[in-house]
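In what follows, a single structure is set out as structure tokens and then discussed.
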Amino acid sequence: MTRRINCIGILTSGGDAPGMNAAIRAITRTAIYNGLKVKGIYRGYKGLITNEIKDFKTENVSNIVQQGGTILRTARCPEFKTEEGRAQAWKNMCEHGIDALIVIGGDGSLSGARVLAQEYDIPCIGLPGTIDNDLYGTDTTIGYDTALNTIVEAVDKIRDTANSHERIFFVEVMGRDAGFLALNSAIASGAEAAIIPEHLTKEDQLATFIQNGMRKSKNSSIVLVAENKDLGGAMHYAERVRNEFPQFDVRVSILGHLQRGGRPTAHDRIIASRMGAASIEALLDGQRNVMIGIRNDEIVYVPFNTAIKKDKPIDEQLVNVLHMLSI
Ligand code: ADP
Ligand code: F6P
């Protein structure tokens with residue numbers, strides 16, 4: 001039989017993402033609307049272990065829907081990967097009367113929720129909060145749209161100087177192991193190519209770009225490069241061009257953490273609000289150990305095991321669209 005839930009805890013964990021605040025607000029208010037108590041847990045799993053837990057009322061989430069970052073703060077917490085760390089977290093949760101946990105974060109954070117749920121049989125619900133869009137089973141994640149717009153705004157500016165100086169620019173964007181940000185921002189900014197991890201073993205993407213890209217009438221090029229801890233990202237490709245094609249004038253721009261900040265777009269605020277409300281409805285409906293996703297504009301429940309299996313595929317049609325539009 002499903003246990004009655006009286007009090008939920010909310011935390012944000014891993015890399016912050018614009019729209020996390022809108023999600024915290026929606027979870028808090030939907031929970032209170034349904035007669036539940038709410039506890040805000042600060043600094044992700046770290047705060048669960050160090051007992052940084054506070055009662056949340058509707059006022060705690062006033063005036064935050066438009067703010068980037070997360071009012072609950074976030075952290076990476078290696079101790080939570082240990083049994084001792086999770087035992088301490090569980091003890092604090094029991095003392096605060098938390099009988100269900102809602103975690104907003106990326107695949108690492110949802111892996112943490114999955115293991116806690118398994119060990120202590122507590123209902124956990126995940127919300128996909130990451131600019132990387134790399135969680136399986138949801139069309140988009142909270143923060144992805146804002147980050148895309150930030151990148152496109154930056155690339156529009158880089159285009160001006162690239163044109164003026166007739167240069168190739170390698171613009172490095174985030175994404176961890178996923179190319180969603182690079183590919184879609186390349187399409188949206190009219191870039192000449194995107195170098196994405198999903199195609200690393202399939203082809204020499206730089207050679208393809210040089211072959212296809214440099215034949216055309218344009219005097220400058222922009223290539224979006226997804227960060228890559230093994231290869232070294234944009235720097236690596238710029239170095240290769242300097243060595244292999246010294247006739248080109250090359251520059252690199254690494255956009256870095258500015259991609260994670262800023263006011264969330266309307267789209268991110270709306271999906272965060274919908275997913276936040278849906279997380280409470282899911283709990284009250286007896287759901288546990290699922291991530292809330294949105295597919296074809298409908299709320300879906302994605303089992304943790306599916307959401308975090310790390311193989312959300314890139315849409316090859318988009319690769320083709322970029323290829324055709326950059327002739
Ligand atoms: P993200 O959620 O953005 O992917 P991380 O991968 O850094 O970020 O994970 C955030 C936190 O989630 C980690 O610091 C750790 O506390 C927790 N976590 C990640 N993986 C696990 C795991 N396998 N078991 C327990 N906790 C985990
Ligand atoms: O997962 C979100 C993300 O922004 C990745 O795109 C990036 O690789 C990573 O976090 C950077 O994390 P940190 O906060 O440690 O710089």
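Just remember, in the structure tokens the first chain shown is A, the second B, etc., residues are 1-based per chain, and ligands are 1-based in the order shown.
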With a cut-off of 6 Å, could you pull out the residues of chain A touching ligand 2 and give me the nearest pair of atoms for each, distance in Å to one decimal, using only C-alpha atoms and all ligand atoms, ordered by chain and ascending number, as a tab-separated table?
```
residue	atom	partner	partner_atom_place_in_ligand_line	distance
A:Gly15	CA	ligand 2	2 (C)	4.6
A:Thr130	CA	ligand 2	2 (C)	5.6
A:Ile131	CA	ligand 2	2 (C)	5.9
A:Asp132	CA	ligand 2	6 (O)	5.4
A:Met174	CA	ligand 2	6 (O)	4.1
A:Gly175	CA	ligand 2	6 (O)	4.0
A:Arg176	CA	ligand 2	8 (O)	4.0
```
Counting only C-alpha atoms and all ligand atoms, what are the residues, protein, DNA or RNA alike, that approach ligand 1 to within 7 Å? I want them as a list in words. Ser13, Gly14, Gly15, Tyr45, Ala75, Arg76, Cys77, Pro78, Glu79, Phe80, Lys81, Gly105, Gly106, Asp107, Gly108, Ser109, Leu110, Ser111, Gly112, Val115 and Thr130 of chain A
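The interatomic distance for the pair CA of Ile196 in chain A and CA of Asn163 in chain A works out to 23.8 Å.
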Could you check which of A:Pro313, A:Gly232, A:Gly97, A:Gly143 is closest to Met20 in chain A, using only C-alpha atoms?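 The answer is A:Gly143, which sits nearest to Met20 in chain A.
Considering only C-alpha atoms, the residue among A:Val290, A:Ile98, A:Lys57, A:Ile151 positioned nearest to Ile254 in chain A is A:Ile151.
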If you count only C-alpha atoms, which residues fall within 12 Å of Val321 in chain A, apart from same-chain ones fewer than 3 positions away, as a PyMOL selection string? chain A and resi 183-184+186-188+190-194+315-318+324-327
Write out as a PyMOL selection string which residues come within 7 Å of Ile49 in chain A when counting only C-alpha atoms, dropping same-chain ones fewer than 5 positions away. chain A and resi 85+88-89
Enumerate, as JSON, numbers by chain, the complete set of residues in range 33-119 of chain A that a backbone-based DSSP assignment places in helix (DSSP H, G or I). {"A": [33, 44, 45, 46, 47, 48, 49, 50, 58, 59, 60, 61, 78, 79, 80, 81, 83, 84, 85, 86, 87, 88, 89, 90, 91, 92, 93, 94, 95, 107, 108, 109, 110, 111, 112, 113, 114, 115, 116, 117, 118, 119]}
Please run DSSP on the backbone and report, as a PyMOL selection string, all residues within range 165-324 of chain A that come out as strand (DSSP E or B). chain A and resi 168-173+193-195+221-226+250-254+290-295+298-303
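When only C-alpha atoms are used to measure the gap to Asp121 in chain A, the shortest distance among A:Arg3, A:Ser189, A:Val61, A:Ala147 belongs to A:Arg3.
If only C-alpha atoms are the atoms counted, then among A:Tyr136, A:Gly9, A:Arg25, A:Asn320 the closest residue to Trp90 in chain A is A:Gly9.
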Could you check how far CA of Asp145 in chain A sits from CA of His267 in chain A, in Å to one decimal?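 Result for CA of Asp145 in chain A versus CA of His267 in chain A: 7.0 Å, one decimal.
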Between A:His199, A:Arg242, A:Arg73, A:Arg114, which residue has the minimum interatomic distance to Asn21 in chain A, considering only C-alpha atoms?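 Between A:His199, A:Arg242, A:Arg73, A:Arg114, the residue approaching Asn21 in chain A most closely is A:Arg73.
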Which of these residues is nearest to Ala23 in chain A, using only C-alpha atoms: A:Ile168, A:Val300, A:Val241, A:Ala272? A:Ala272
Who sits within 7 Å of Gly44 in chain A, only C-alpha atoms, same chain under 3 positions skipped, as number ranges by chain: A: 11-13, 41, 47-48, 74-75
Would you mind exporting N, CA, C and O atoms of the selected residues as an mmCIF file, in the first residue's frame?
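That gives us again18.cif:
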```cif
data_model
loop_
_atom_site.group_PDB
_atom_site.id
_atom_site.type_symbol
_atom_site.label_atom_id
_atom_site.label_comp_id
_atom_site.auth_asym_id
_atom_site.auth_seq_id
_atom_site.Cartn_x
_atom_site.Cartn_y
_atom_site.Cartn_z
ATOM 1 N N LEU A 11 15.264 19.816 -3.482
ATOM 2 C CA LEU A 11 16.650 20.272 -3.614
ATOM 3 C C LEU A 11 17.021 20.440 -5.078
ATOM 4 O O LEU A 11 16.433 19.822 -5.972
ATOM 5 N N THR A 12 18.009 21.327 -5.317
ATOM 6 C CA THR A 12 18.603 21.464 -6.649
ATOM 7 C C THR A 12 20.045 20.989 -6.543
ATOM 8 O O THR A 12 20.702 21.231 -5.530
ATOM 9 N N SER A 13 20.519 20.304 -7.581
ATOM 10 C CA SER A 13 21.832 19.648 -7.469
ATOM 11 C C SER A 13 22.547 19.660 -8.825
ATOM 12 O O SER A 13 21.914 19.759 -9.884
ATOM 13 N N ILE A 41 15.742 22.320 0.868
ATOM 14 C CA ILE A 41 17.052 21.762 1.255
ATOM 15 C C ILE A 41 18.121 22.539 0.482
ATOM 16 O O ILE A 41 18.076 22.596 -0.749
ATOM 17 N N GLY A 47 23.574 19.660 1.512
ATOM 18 C CA GLY A 47 22.719 20.213 2.562
ATOM 19 C C GLY A 47 21.866 19.154 3.242
ATOM 20 O O GLY A 47 21.480 19.304 4.407
ATOM 21 N N LEU A 48 21.596 18.083 2.500
ATOM 22 C CA LEU A 48 20.851 16.978 3.105
ATOM 23 C C LEU A 48 21.734 16.306 4.167
ATOM 24 O O LEU A 48 21.263 15.891 5.218
ATOM 25 N N THR A 74 23.286 25.218 -5.096
ATOM 26 C CA THR A 74 23.526 23.862 -5.591
ATOM 27 C C THR A 74 24.948 23.475 -5.248
ATOM 28 O O THR A 74 25.756 24.324 -4.852
ATOM 29 N N ALA A 75 25.238 22.203 -5.376
ATOM 30 C CA ALA A 75 26.605 21.748 -5.055
ATOM 31 C C ALA A 75 26.829 20.400 -5.704
ATOM 32 O O ALA A 75 25.889 19.723 -6.121
#
```
Just the residues within 8 Å of Ala178 in chain A, please, counting only C-alpha atoms, with nothing from its chain fewer than 6 positions along; format it as a ChimeraX atom specification. /A:132-134,196-198,226
Take the residues from that selection and write them out as a PDB file, in the first residue's frame, keeping N, CA and C atoms.
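What follows is the written file selection37.pdb:
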```pdb
ATOM      1  N   ASP A 132      22.135  21.053 -20.621  1.00  0.00           N
ATOM      2  CA  ASP A 132      22.682  20.131 -21.628  1.00  0.00           C
ATOM      3  C   ASP A 132      21.620  19.389 -22.452  1.00  0.00           C
ATOM      4  N   ASN A 133      20.412  19.316 -21.955  1.00  0.00           N
ATOM      5  CA  ASN A 133      19.316  18.581 -22.607  1.00  0.00           C
ATOM      6  C   ASN A 133      19.636  17.099 -22.817  1.00  0.00           C
ATOM      7  N   ASP A 134      20.416  16.516 -21.931  1.00  0.00           N
ATOM      8  CA  ASP A 134      20.896  15.151 -22.177  1.00  0.00           C
ATOM      9  C   ASP A 134      20.152  14.086 -21.381  1.00  0.00           C
ATOM     10  N   ILE A 196      30.122  17.774 -32.956  1.00  0.00           N
ATOM     11  CA  ILE A 196      29.388  17.231 -31.799  1.00  0.00           C
ATOM     12  C   ILE A 196      29.954  15.864 -31.383  1.00  0.00           C
ATOM     13  N   PRO A 197      29.884  15.559 -30.074  1.00  0.00           N
ATOM     14  CA  PRO A 197      30.460  14.295 -29.606  1.00  0.00           C
ATOM     15  C   PRO A 197      29.805  13.065 -30.240  1.00  0.00           C
ATOM     16  N   GLU A 198      28.532  13.168 -30.570  1.00  0.00           N
ATOM     17  CA  GLU A 198      27.811  12.009 -31.128  1.00  0.00           C
ATOM     18  C   GLU A 198      28.427  11.549 -32.443  1.00  0.00           C
ATOM     19  N   ALA A 226      31.059  21.451 -29.500  1.00  0.00           N
ATOM     20  CA  ALA A 226      30.649  21.009 -28.159  1.00  0.00           C
ATOM     21  C   ALA A 226      31.907  20.725 -27.346  1.00  0.00           C
TER      22      ALA A 226
END
```
What's the 7 Å shell around Arg251 in chain A, counting only C-alpha atoms, without same-chain residues fewer than 6 positions away, as a list of chain:residue names?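 Surrounding residues, per the criterion: A:Ile168, A:Phe169, A:Phe170, A:Ala238.
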Selection export as an mmCIF file, in the first residue's frame, atoms kept: C-alpha atoms:
```cif
data_model
loop_
_atom_site.group_PDB
_atom_site.id
_atom_site.type_symbol
_atom_site.label_atom_id
_atom_site.label_comp_id
_atom_site.auth_asym_id
_atom_site.auth_seq_id
_atom_site.Cartn_x
_atom_site.Cartn_y
_atom_site.Cartn_z
ATOM 1 C CA ILE A 168 37.082 31.184 -39.027
ATOM 2 C CA PHE A 169 35.753 31.171 -35.472
ATOM 3 C CA PHE A 170 35.481 28.036 -33.389
ATOM 4 C CA ALA A 238 41.741 25.691 -34.095
#
```
Atom pair CA of Glu52 in chain A + CA of Lys39 in chain A, distance 10.0 Å
